[in-house]
Structures are given as C-alpha cells and as structure tokens.
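S.K.: File structure-v1.csv below, CSV, C-alpha atoms and all ligand atoms:
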chain,number,residue,atom,x,y,z
V,1,MET,CA,124.0,135.8,178.5
V,2,SER,CA,123.6,132.3,179.9
V,3,VAL,CA,120.2,130.4,179.8
V,4,THR,CA,119.5,127.0,181.4
V,5,LEU,CA,117.3,124.6,179.4
V,6,GLY,CA,117.0,121.5,181.4
V,7,GLU,CA,120.4,119.9,181.5
V,8,PHE,CA,121.8,122.0,178.7
V,9,ASP,CA,123.5,125.3,179.3
V,10,THR,CA,123.3,127.3,176.1
V,11,GLN,CA,125.4,130.3,175.5
V,12,ILE,CA,123.4,133.0,173.6
V,13,HIS,CA,125.4,135.7,172.1
V,14,GLU,CA,124.0,139.2,172.2
V,15,PRO,CA,123.6,140.7,168.7
V,16,MET,CA,126.4,143.0,167.8
V,17,ASP,CA,125.6,146.5,168.9
V,18,ASP,CA,126.1,149.4,166.5
V,19,ASP,CA,129.4,150.5,168.2
V,20,THR,CA,130.8,147.0,167.7
V,21,SER,CA,129.8,146.7,164.0
V,22,GLU,CA,131.2,150.2,163.3
V,23,GLN,CA,134.4,149.2,165.0
V,24,ALA,CA,134.6,146.0,163.0
V,25,PHE,CA,134.0,148.0,159.8
V,26,ALA,CA,136.6,150.6,160.7
V,27,GLU,CA,139.1,147.8,161.5
V,28,LEU,CA,138.4,146.2,158.1
V,29,GLN,CA,138.8,149.5,156.3
V,30,SER,CA,142.1,150.2,158.0
V,31,ARG,CA,143.5,146.7,157.5
V,32,ASN,CA,146.1,146.5,154.8
V,33,LEU,CA,145.0,143.7,152.4
V,34,GLY,CA,148.4,143.0,151.1
V,35,GLY,CA,149.4,140.9,148.1
V,36,TRP,CA,147.7,137.7,149.2
V,37,GLY,CA,144.4,139.4,150.0
V,38,LEU,CA,144.4,141.2,146.6
V,39,ALA,CA,145.2,137.9,144.8
V,40,GLN,CA,142.3,136.2,146.6
V,41,ILE,CA,139.9,139.0,145.5
V,42,GLY,CA,141.2,138.8,142.0
V,43,PHE,CA,140.9,135.1,141.9
V,44,GLY,CA,137.3,135.2,143.3
V,45,THR,CA,136.2,137.8,140.8
V,46,GLY,CA,137.8,135.9,137.9
V,47,LEU,CA,136.0,132.7,139.0
V,48,ALA,CA,132.7,134.5,139.3
V,49,ILE,CA,133.0,136.0,135.8
V,50,TYR,CA,134.1,132.6,134.4
V,51,ALA,CA,131.1,130.9,136.1
V,52,MET,CA,128.8,133.5,134.6
V,53,TRP,CA,130.3,133.0,131.2
V,54,VAL,CA,130.1,129.2,131.3
V,55,GLY,CA,126.7,129.0,132.9
V,56,ILE,CA,124.7,131.9,131.5
V,57,LEU,CA,126.4,133.3,128.4
V,58,GLN,CA,128.2,130.4,126.8
V,59,PRO,CA,125.6,127.6,126.6
V,60,GLY,CA,124.8,126.8,123.0
V,61,PHE,CA,128.1,127.9,121.7
V,62,ARG,CA,129.9,124.6,122.1
V,63,LYS,CA,129.6,123.7,118.4
V,64,VAL,CA,130.4,127.2,117.2
V,65,PRO,CA,134.1,127.9,116.4
V,66,LEU,CA,135.6,130.4,118.9
V,67,LYS,CA,136.2,133.1,116.2
V,68,LEU,CA,132.5,133.1,115.4
V,69,GLN,CA,131.2,133.4,119.0
V,70,VAL,CA,129.6,136.7,119.7
V,71,PRO,CA,128.7,137.7,123.3
V,72,TYR,CA,125.3,139.0,124.3
V,73,ILE,CA,125.0,142.8,124.5
V,74,PRO,CA,121.5,144.1,124.3
V,75,ALA,CA,120.7,146.9,121.8
V,76,SER,CA,120.0,150.3,123.4
V,77,LYS,CA,116.6,151.9,123.1
V,78,ALA,CA,118.0,154.5,120.7
V,79,GLN,CA,119.6,151.7,118.6
V,80,VAL,CA,116.3,149.8,118.4
V,81,ASP,CA,114.5,153.1,117.3
V,82,ASN,CA,117.2,153.7,114.6
V,83,VAL,CA,116.8,150.2,113.3
V,84,MET,CA,113.0,150.6,113.1
V,85,THR,CA,113.3,154.0,111.4
V,86,LEU,CA,115.4,152.3,108.6
V,87,LEU,CA,112.8,149.6,108.3
V,88,LYS,CA,109.9,152.1,107.7
V,89,GLY,CA,108.0,151.5,104.6
V,90,ARG,CA,109.0,147.8,104.5
V,91,ASN,CA,106.6,144.9,105.3
V,92,GLY,CA,106.4,141.1,105.4
V,93,GLY,CA,108.6,139.0,107.6
V,94,LEU,CA,111.6,140.0,109.6
V,95,VAL,CA,114.5,137.9,110.9
V,96,ASP,CA,116.9,139.0,113.7
V,97,LEU,CA,120.1,137.0,113.5
V,98,GLY,CA,121.4,136.5,117.1
V,99,SER,CA,118.2,137.9,118.7
V,100,GLY,CA,119.4,138.1,122.3
V,101,ASP,CA,116.5,138.9,124.6
V,102,GLY,CA,114.2,139.4,121.7
V,103,ARG,CA,113.8,143.2,121.8
V,104,ILE,CA,114.3,143.8,118.1
V,105,VAL,CA,111.9,141.0,117.1
V,106,LEU,CA,109.2,142.2,119.6
V,107,GLU,CA,109.5,145.8,118.4
V,108,ALA,CA,109.3,144.7,114.7
V,109,SER,CA,106.2,142.7,115.5
V,110,ARG,CA,104.6,145.7,117.2
V,111,ARG,CA,105.3,147.6,114.0
V,112,GLY,CA,103.5,145.1,111.8
V,113,PHE,CA,106.3,142.7,110.6
V,114,SER,CA,104.9,139.2,110.4
V,115,PRO,CA,106.3,136.6,110.9
V,116,ALA,CA,108.9,138.2,113.2
V,117,VAL,CA,111.5,135.5,114.0
V,118,GLY,CA,114.6,135.5,116.2
V,119,TYR,CA,117.5,133.0,115.8
V,120,GLU,CA,119.5,132.7,119.0
V,121,LEU,CA,121.8,130.0,120.4
V,122,ASN,CA,121.7,130.8,124.1
V,123,PRO,CA,118.8,128.8,125.7
V,124,TRP,CA,118.5,131.3,128.6
V,125,LEU,CA,118.0,134.2,126.2
V,126,ILE,CA,115.4,132.2,124.2
V,127,CYS,CA,113.5,131.7,127.5
V,128,LEU,CA,113.8,135.3,128.3
V,129,SER,CA,112.6,136.4,124.8
V,130,ARG,CA,109.6,134.1,125.1
V,131,PHE,CA,108.8,135.5,128.5
V,132,HIS,CA,109.0,139.1,127.2
V,133,ALA,CA,106.8,138.1,124.3
V,134,TRP,CA,104.3,136.5,126.6
V,135,ARG,CA,104.3,139.6,128.9
V,136,ALA,CA,103.7,141.8,125.9
V,137,ASP,CA,100.9,139.5,124.8
V,138,ARG,CA,102.7,138.8,121.5
V,139,HIS,CA,103.7,135.2,122.0
V,140,GLU,CA,101.5,134.1,119.1
V,141,LYS,CA,102.9,136.7,116.7
V,142,VAL,CA,106.7,136.1,117.2
V,143,SER,CA,108.9,133.1,117.3
V,144,PHE,CA,112.3,132.5,118.8
V,145,ARG,CA,114.3,129.5,117.5
V,146,ARG,CA,117.3,128.0,119.0
V,147,GLU,CA,119.4,127.7,115.9
V,148,ASP,CA,122.9,128.6,114.7
V,149,LEU,CA,122.5,131.7,112.5
V,150,TRP,CA,125.3,130.4,110.2
V,151,LYS,CA,123.1,127.4,109.4
V,152,VAL,CA,119.8,129.2,108.8
V,153,ASP,CA,118.5,129.2,105.2
V,154,LEU,CA,117.9,132.9,104.4
V,155,THR,CA,116.7,132.5,100.8
V,156,GLU,CA,113.2,133.7,101.6
V,157,CYS,CA,114.0,136.5,104.0
V,158,LYS,CA,113.2,140.1,103.0
V,159,ASN,CA,114.0,142.0,106.1
V,160,ILE,CA,117.1,141.1,108.2
V,161,THR,CA,118.5,142.8,111.3
V,162,VAL,CA,121.9,142.1,112.8
V,163,PHE,CA,123.9,143.3,115.8
V,164,LEU,CA,127.0,141.2,115.8
V,165,ALA,CA,130.7,141.7,116.4
V,166,PRO,CA,132.8,143.4,113.6
V,167,SER,CA,135.0,140.3,113.5
V,168,VAL,CA,132.1,138.1,112.1
V,169,LEU,CA,130.5,140.7,109.8
V,170,SER,CA,132.7,140.1,106.8
V,171,LEU,CA,131.9,136.4,106.9
V,172,LEU,CA,128.2,137.2,107.4
V,173,GLN,CA,128.4,139.6,104.4
V,174,GLN,CA,129.3,136.7,102.2
V,175,LYS,CA,126.4,134.4,103.5
V,176,LEU,CA,123.9,137.2,103.1
V,177,GLN,CA,125.1,138.0,99.6
V,178,ASP,CA,124.9,134.3,98.6
V,179,GLU,CA,121.4,133.7,99.9
V,180,LEU,CA,119.2,136.8,100.2
V,181,PRO,CA,116.8,137.8,97.4
V,182,ASP,CA,117.5,141.0,95.5
V,183,ASP,CA,114.6,142.9,97.2
V,184,ALA,CA,116.0,142.2,100.7
V,185,LEU,CA,117.0,145.0,103.1
V,186,VAL,CA,119.6,144.3,105.7
V,187,VAL,CA,119.9,146.6,108.8
V,188,ALA,CA,123.0,146.4,110.9
V,189,GLY,CA,123.1,148.0,114.4
V,190,ARG,CA,126.2,149.5,116.1
V,191,PHE,CA,128.7,148.0,113.6
V,192,PRO,CA,128.5,148.4,109.8
V,193,PHE,CA,129.4,145.7,107.3
V,194,PRO,CA,133.0,146.3,106.4
V,195,ASP,CA,132.8,146.1,102.5
V,196,TRP,CA,129.2,147.2,101.8
V,197,ALA,CA,128.0,150.7,101.0
V,198,PRO,CA,124.8,151.6,103.0
V,199,CYS,CA,121.8,153.1,101.3
V,200,ARG,CA,120.9,154.9,104.5
V,201,VAL,CA,122.4,155.6,108.0
V,202,GLU,CA,120.4,156.6,111.1
V,203,GLY,CA,121.6,157.9,114.5
V,204,CYS,CA,125.1,158.5,115.8
V,205,GLY,CA,127.7,157.0,118.0
V,206,VAL,CA,127.0,153.6,119.5
V,207,ASP,CA,123.3,153.8,118.6
V,208,ARG,CA,123.9,154.2,114.9
V,209,ALA,CA,122.3,151.8,112.3
V,210,TRP,CA,123.1,151.1,108.7
V,211,ALA,CA,120.6,149.9,106.0
V,212,TYR,CA,121.8,147.9,102.9
V,213,ASN,CA,119.8,147.2,99.8
V,214,MET,CA,120.7,143.8,98.5
V,215,GLN,CA,120.3,144.5,94.9
V,216,ALA,CA,122.5,147.6,95.0
V,217,GLN,CA,125.1,145.6,96.9
V,218,ARG,CA,125.2,142.8,94.3
V,219,ARG,CA,125.5,145.4,91.5
V,220,ARG,CA,128.4,147.0,93.3
V,221,THR,CA,130.2,143.7,94.1
V,222,LEU,CA,129.6,142.2,90.6
V,223,GLY,CA,130.5,145.5,88.9
V,224,GLU,CA,133.8,145.6,90.8
V,225,ARG,CA,134.6,142.0,89.9
V,226,ALA,CA,133.5,142.2,86.2
V,227,THR,CA,136.6,143.7,84.5
V,228,SER,CA,136.2,142.7,80.8
V,229,PRO,CA,133.3,144.1,78.6
V,230,GLN,CA,132.0,140.5,78.1
V,231,GLN,CA,131.8,140.0,81.9
V,232,LYS,CA,130.1,143.4,82.3
V,233,ARG,CA,127.5,142.5,79.6
V,234,ARG,CA,126.8,139.2,81.5
V,235,VAL,CA,125.9,141.0,84.7
V,236,GLY,CA,124.4,144.0,82.8
V,237,HIS,CA,120.8,143.1,83.8
V,238,LEU,CA,121.6,143.9,87.4
V,239,PHE,CA,122.5,147.4,86.4
V,240,GLU,CA,119.2,148.1,84.6
V,241,ALA,CA,116.9,150.3,86.6
E,1,LIG,C1,125.3,141.6,120.4
E,1,LIG,S1,124.0,140.5,120.9
E,1,LIG,C2,122.6,141.3,120.0
E,1,LIG,C3,121.2,140.9,120.6
E,1,LIG,C4,120.0,141.5,120.0
E,1,LIG,N1,120.0,141.2,118.5
E,1,LIG,C5,119.9,142.9,120.2
E,1,LIG,O1,120.0,143.7,119.3
E,1,LIG,O2,119.6,143.3,121.4
E,1,LIG,C6,124.4,139.1,119.8
E,1,LIG,C7,123.6,137.9,120.0
E,1,LIG,O3,123.9,136.9,119.0
E,1,LIG,C8,123.8,135.7,119.6
E,1,LIG,N2,124.6,134.8,118.7
E,1,LIG,C9,126.0,134.8,118.5
E,1,LIG,N3,126.3,133.9,117.7
E,1,LIG,C10,125.2,133.2,117.3
E,1,LIG,C11,125.0,132.1,116.4
E,1,LIG,N4,126.0,131.5,115.8
E,1,LIG,N5,123.7,131.7,116.3
E,1,LIG,C12,122.7,132.3,116.9
E,1,LIG,N6,122.9,133.3,117.8
E,1,LIG,C13,124.1,133.8,118.0
E,1,LIG,C14,124.4,135.9,121.0
E,1,LIG,O4,124.1,134.8,121.9
E,1,LIG,C15,123.9,137.2,121.4
E,1,LIG,O5,122.7,137.1,122.1
Starting from the file, give its structure as structure tokens.

M.R.:
Amino acid sequence: MSVTLGEFDTQIHEPMDDDTSEQAFAELQSRNLGGWGLAQIGFGTGLAIYAMWVGILQPGFRKVPLKLQVPYIPASKAQVDNVMTLLKGRNGGLVDLGSGDGRIVLEASRRGFSPAVGYELNPWLICLSRFHAWRADRHEKVSFRREDLWKVDLTECKNITVFLAPSVLSLLQQKLQDELPDDALVVAGRFPFPDWAPCRVEGCGVDRAWAYNMQAQRRRTLGERATSPQQKRRVGHLFEA
C-alpha cells in the first residue's frame, strides 16, 4: 500500500497474513540447519548459560576457592518438611549455611526457631530471601547475612541446617566438629555427611534428610582415634551418659 504524506511517499507494508506466516514457519521447519547453524545455536545457548552464571549465580563467590563453590538449588517442599520433622522438639536459634532463597530459614521461623539466620554469599538470593520474609510478614523475625559460611563463627549455634554439595561436606564436617557445642543438632538435606553416623533419617530419594547429634559424633570420632587405654581414659567423660 502507498500513502502520500505531503512530499513524502511512505511505503506501508501490510501485516503478514496467516497464510504467509504459516508458509514462513513451514519453510523454517523444512530448512536444513547444517553444521554452521547448529554451531551458532550451541554458541548462543552456551553464552546465555555463561551470562546467567556470571550475572546471577556467581556474584559473591569471587573470593571463594573454586572447589568450595556450591551452586544454588532450592530444597524441594518434601525436603523442607523432612528437615523440619528432624528438628521437632528442638528450640532456640537456627542457622542455615548457604540459605539460598531463605525457604528453610522462613519455615524454621514459622515453627518457632528464634533467631533464625541464613548465611548466603549471593546478593540476589539475599534480596529474594528478604523479599520472601517481607511478603510472609516475618522480616523482623529472620535475618539473612551476606557472609561466607566458612568464616562464620558457629560456637554458639545449637541448630544447624545445610544443603550443600557432597564435595564440600567432608570439609564442613571438620569445621562443625571443631566449633559446635555438644548439644548442637546438625540436619543435612539431600546429601549426608560422608563420615558421620546420623541419629535419625527422614524421607527417601532426593528429599531425604539426616540428623546428627554433635556429642554422639564427637564420641565416635574421639573413640575411634583413642587407641591406648590412657587416651581412652582422657576422653572417657564424653562416653558417660
Ligand atoms: C544447594 S543451595 C541450598 C539453598 C537452601 N539452603 C535450600 O535448602 O533451599 C546452596 C546455597 O549455598 C550458597 N553457598 C555456597 N557456598 C557458600 C558460602 N561459602 N557461603 C555462603 N553461602 C554459600 C549458594 O549460593 C547456594 O544458594
């Protein structure tokens, strides 16, 4: 169609009718992409994933050694329920190490744990957690701190939850054992601690959760290390009921 606007002659294109768009779609479908087309799609997808990793998932991890970096995967609803079941009967404060979008911390707060604190490095996830807390009207009862979990002092923590990669759990095991008080309970979601014996297990498959009593854990580790009768006497108080 041609329209005259003063001295300008403007060509206006009719919108593509249905037949034309169907034809174009059919042509696209029938076209053989070939190696170059596939390479372009592969490159584009890779770039998009990399951009997402750098921009959304990676911030905050710059100072954390690569082998300790754990990606964000939210706990499933069943996993959260299993963690909460294992925490039944406990009270006081709770700490989630690597708190993601804050779902464990929020649920713990709903169930009476106070203070309920999440440590998370990713600033986007901290914002999201605070938003979730504000929407649930719990922003005054929970706190989300942008801190590296490896540097947090855990000596006062009684209830600890973790959902981290198996590759870091053996290192974390050592930190928890060095710092936590005897009456602490640690609950791990999805992956168990490699060398610890749980006192309870809840759920199955990917939703499973394991609870570890710190005193029992110390007894076990020290009992295994103490080989001579003198050494066993020295750690004997840990074995008294
Ligand atoms: C598998 S997600 C679990 C999220 C949440 N706890 C849940 O159960 O839904 C692990 C989280 O730990 C965080 N994280 C990993 N390393 C960390 C570190 N050194 N300090 C603080 N947070 C960390 C990641 O950013 C990620 O959000």

S.K.: Please build the interface table for chain V against ligand LIG 1 (chain E) with a cut-off of 9 Å, listing for each qualifying residue the nearest atom pair and the distance in Å to one decimal; count all atoms listed in the file, order rows by chain and increasing number, and write it as JSON lines.

M.R.:
{"residue": "V:Leu57", "atom": "CA", "partner": "E:LIG1", "partner_atom": "O4", "distance": 7.1}
{"residue": "V:Gln58", "atom": "CA", "partner": "E:LIG1", "partner_atom": "O4", "distance": 7.8}
{"residue": "V:Pro59", "atom": "CA", "partner": "E:LIG1", "partner_atom": "O4", "distance": 8.7}
{"residue": "V:Gly60", "atom": "CA", "partner": "E:LIG1", "partner_atom": "O4", "distance": 8.1}
{"residue": "V:Phe61", "atom": "CA", "partner": "E:LIG1", "partner_atom": "N4", "distance": 7.2}
{"residue": "V:Lys63", "atom": "CA", "partner": "E:LIG1", "partner_atom": "N4", "distance": 9.0}
{"residue": "V:Val64", "atom": "CA", "partner": "E:LIG1", "partner_atom": "N4", "distance": 6.3}
{"residue": "V:Pro65", "atom": "CA", "partner": "E:LIG1", "partner_atom": "N4", "distance": 8.9}
{"residue": "V:Leu68", "atom": "CA", "partner": "E:LIG1", "partner_atom": "N3", "distance": 6.7}
{"residue": "V:Gln69", "atom": "CA", "partner": "E:LIG1", "partner_atom": "N3", "distance": 5.1}
{"residue": "V:Val70", "atom": "CA", "partner": "E:LIG1", "partner_atom": "C9", "distance": 4.2}
{"residue": "V:Pro71", "atom": "CA", "partner": "E:LIG1", "partner_atom": "C15", "distance": 5.2}
{"residue": "V:Tyr72", "atom": "CA", "partner": "E:LIG1", "partner_atom": "C15", "distance": 3.7}
{"residue": "V:Ile73", "atom": "CA", "partner": "E:LIG1", "partner_atom": "C1", "distance": 4.3}
{"residue": "V:Pro74", "atom": "CA", "partner": "E:LIG1", "partner_atom": "O2", "distance": 3.6}
{"residue": "V:Ala75", "atom": "CA", "partner": "E:LIG1", "partner_atom": "O2", "distance": 3.8}
{"residue": "V:Ser76", "atom": "CA", "partner": "E:LIG1", "partner_atom": "O2", "distance": 7.3}
{"residue": "V:Gln79", "atom": "CA", "partner": "E:LIG1", "partner_atom": "O1", "distance": 8.0}
{"residue": "V:Val80", "atom": "CA", "partner": "E:LIG1", "partner_atom": "O1", "distance": 7.2}
{"residue": "V:Asp96", "atom": "CA", "partner": "E:LIG1", "partner_atom": "N1", "distance": 6.1}
{"residue": "V:Leu97", "atom": "CA", "partner": "E:LIG1", "partner_atom": "N6", "distance": 6.3}
{"residue": "V:Gly98", "atom": "CA", "partner": "E:LIG1", "partner_atom": "O3", "distance": 3.2}
{"residue": "V:Ser99", "atom": "CA", "partner": "E:LIG1", "partner_atom": "N1", "distance": 3.8}
{"residue": "V:Gly100", "atom": "CA", "partner": "E:LIG1", "partner_atom": "O5", "distance": 3.5}
{"residue": "V:Asp101", "atom": "CA", "partner": "E:LIG1", "partner_atom": "O2", "distance": 6.3}
{"residue": "V:Gly102", "atom": "CA", "partner": "E:LIG1", "partner_atom": "C4", "distance": 6.4}
{"residue": "V:Arg103", "atom": "CA", "partner": "E:LIG1", "partner_atom": "O2", "distance": 5.8}
{"residue": "V:Ile104", "atom": "CA", "partner": "E:LIG1", "partner_atom": "O1", "distance": 5.8}
{"residue": "V:Val105", "atom": "CA", "partner": "E:LIG1", "partner_atom": "N1", "distance": 8.2}
{"residue": "V:Gly118", "atom": "CA", "partner": "E:LIG1", "partner_atom": "N1", "distance": 8.2}
{"residue": "V:Tyr119", "atom": "CA", "partner": "E:LIG1", "partner_atom": "C12", "distance": 5.4}
{"residue": "V:Glu120", "atom": "CA", "partner": "E:LIG1", "partner_atom": "N6", "distance": 3.7}
{"residue": "V:Leu121", "atom": "CA", "partner": "E:LIG1", "partner_atom": "C12", "distance": 4.3}
{"residue": "V:Asn122", "atom": "CA", "partner": "E:LIG1", "partner_atom": "O4", "distance": 5.2}
{"residue": "V:Pro123", "atom": "CA", "partner": "E:LIG1", "partner_atom": "O4", "distance": 8.9}
{"residue": "V:Leu125", "atom": "CA", "partner": "E:LIG1", "partner_atom": "O5", "distance": 6.9}
{"residue": "V:Arg145", "atom": "CA", "partner": "E:LIG1", "partner_atom": "C12", "distance": 8.9}
{"residue": "V:Arg146", "atom": "CA", "partner": "E:LIG1", "partner_atom": "C12", "distance": 7.2}
{"residue": "V:Glu147", "atom": "CA", "partner": "E:LIG1", "partner_atom": "C12", "distance": 5.7}
{"residue": "V:Asp148", "atom": "CA", "partner": "E:LIG1", "partner_atom": "N5", "distance": 3.6}
{"residue": "V:Leu149", "atom": "CA", "partner": "E:LIG1", "partner_atom": "N5", "distance": 4.0}
{"residue": "V:Trp150", "atom": "CA", "partner": "E:LIG1", "partner_atom": "N4", "distance": 5.7}
{"residue": "V:Lys151", "atom": "CA", "partner": "E:LIG1", "partner_atom": "N4", "distance": 8.1}
{"residue": "V:Val152", "atom": "CA", "partner": "E:LIG1", "partner_atom": "N5", "distance": 8.8}
{"residue": "V:Thr161", "atom": "CA", "partner": "E:LIG1", "partner_atom": "N1", "distance": 7.5}
{"residue": "V:Val162", "atom": "CA", "partner": "E:LIG1", "partner_atom": "N1", "distance": 6.1}
{"residue": "V:Phe163", "atom": "CA", "partner": "E:LIG1", "partner_atom": "C2", "distance": 4.8}
{"residue": "V:Leu164", "atom": "CA", "partner": "E:LIG1", "partner_atom": "C1", "distance": 4.9}
{"residue": "V:Ala165", "atom": "CA", "partner": "E:LIG1", "partner_atom": "C1", "distance": 6.7}
{"residue": "V:Gly189", "atom": "CA", "partner": "E:LIG1", "partner_atom": "O1", "distance": 7.2}

S.K.: Grab the residues selected above and save them as a tab-separated table (two decimals), in the frame of the given file with C-alpha atoms.

M.R.:
chain	number	residue	atom	x	y	z
V	57	LEU	CA	126.40	133.30	128.40
V	58	GLN	CA	128.20	130.40	126.80
V	59	PRO	CA	125.60	127.60	126.60
V	60	GLY	CA	124.80	126.80	123.00
V	61	PHE	CA	128.10	127.90	121.70
V	63	LYS	CA	129.60	123.70	118.40
V	64	VAL	CA	130.40	127.20	117.20
V	65	PRO	CA	134.10	127.90	116.40
V	68	LEU	CA	132.50	133.10	115.40
V	69	GLN	CA	131.20	133.40	119.00
V	70	VAL	CA	129.60	136.70	119.70
V	71	PRO	CA	128.70	137.70	123.30
V	72	TYR	CA	125.30	139.00	124.30
V	73	ILE	CA	125.00	142.80	124.50
V	74	PRO	CA	121.50	144.10	124.30
V	75	ALA	CA	120.70	146.90	121.80
V	76	SER	CA	120.00	150.30	123.40
V	79	GLN	CA	119.60	151.70	118.60
V	80	VAL	CA	116.30	149.80	118.40
V	96	ASP	CA	116.90	139.00	113.70
V	97	LEU	CA	120.10	137.00	113.50
V	98	GLY	CA	121.40	136.50	117.10
V	99	SER	CA	118.20	137.90	118.70
V	100	GLY	CA	119.40	138.10	122.30
V	101	ASP	CA	116.50	138.90	124.60
V	102	GLY	CA	114.20	139.40	121.70
V	103	ARG	CA	113.80	143.20	121.80
V	104	ILE	CA	114.30	143.80	118.10
V	105	VAL	CA	111.90	141.00	117.10
V	118	GLY	CA	114.60	135.50	116.20
V	119	TYR	CA	117.50	133.00	115.80
V	120	GLU	CA	119.50	132.70	119.00
V	121	LEU	CA	121.80	130.00	120.40
V	122	ASN	CA	121.70	130.80	124.10
V	123	PRO	CA	118.80	128.80	125.70
V	125	LEU	CA	118.00	134.20	126.20
V	145	ARG	CA	114.30	129.50	117.50
V	146	ARG	CA	117.30	128.00	119.00
V	147	GLU	CA	119.40	127.70	115.90
V	148	ASP	CA	122.90	128.60	114.70
V	149	LEU	CA	122.50	131.70	112.50
V	150	TRP	CA	125.30	130.40	110.20
V	151	LYS	CA	123.10	127.40	109.40
V	152	VAL	CA	119.80	129.20	108.80
V	161	THR	CA	118.50	142.80	111.30
V	162	VAL	CA	121.90	142.10	112.80
V	163	PHE	CA	123.90	143.30	115.80
V	164	LEU	CA	127.00	141.20	115.80
V	165	ALA	CA	130.70	141.70	116.40
V	189	GLY	CA	123.10	148.00	114.40

S.K.: Give as a ChimeraX atom specification each residue that has an atom at most 12 Å from (128.3, 155.9, 118.1) in the file, counting only C-alpha atoms.

M.R.: /V:76,78-79,82,189-192,201-210

S.K.: What are the nearest atom pairs, with distances in Å to one decimal, for all residues of region 88-162 of chain V that come at most 12 Å from region 182-187 of chain V, using all atoms listed in the file, set out by chain and rising residue number as CSV?

M.R.:
residue,atom,partner,partner_atom,distance
V:Lys88,CA,V:Leu185,CA,11.0
V:Gly89,CA,V:Leu185,CA,11.2
V:Arg90,CA,V:Leu185,CA,8.6
V:Asn91,CA,V:Leu185,CA,10.6
V:Gly92,CA,V:Ala184,CA,10.7
V:Gly93,CA,V:Ala184,CA,10.6
V:Leu94,CA,V:Leu185,CA,9.8
V:Val95,CA,V:Val186,CA,9.7
V:Asp96,CA,V:Val187,CA,9.5
V:Leu97,CA,V:Val187,CA,10.7
V:Ile104,CA,V:Val187,CA,11.2
V:Leu154,CA,V:Ala184,CA,10.2
V:Thr155,CA,V:Ala184,CA,9.7
V:Glu156,CA,V:Ala184,CA,9.0
V:Cys157,CA,V:Ala184,CA,6.9
V:Lys158,CA,V:Ala184,CA,4.2
V:Asn159,CA,V:Leu185,CA,5.2
V:Ile160,CA,V:Val186,CA,4.8
V:Thr161,CA,V:Val187,CA,4.8
V:Val162,CA,V:Val187,CA,6.3

S.K.: What is the distance, in Å and to one decimal place, between CA of Phe113 (chain V) and CA of Met84 (chain V)?

M.R.: 10.7 Å

S.K.: Under the rule that only C-alpha atoms are counted, which of V:Ser129, V:Gln217, V:Ser114, V:Thr85 is the nearest residue to Leu176 (chain V)?

M.R.: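 Among the listed residues, the smallest separation from Leu176 (chain V) belongs to V:Gln217.
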
S.K.: Just the number, please: distance in Å from CA of Met214 (chain V) to CA of Val117 (chain V), one decimal.

M.R.: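 It comes out at 19.8 Å.
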
S.K.: Work out how far CA of Ala136 (chain V) is from CA of Leu106 (chain V), in Å to one decimal.

M.R.: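 We find that CA of Leu106 (chain V) and CA of Ala136 (chain V) lie 8.4 Å from each other.
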
S.K.: Quick one: of V:Ala216, V:Ile126, V:Glu107, V:Thr221, who's nearest to Lys77 (chain V), counting all atoms listed in the file?

M.R.: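 So, comparing all the options, the nearest one is V:Glu107.
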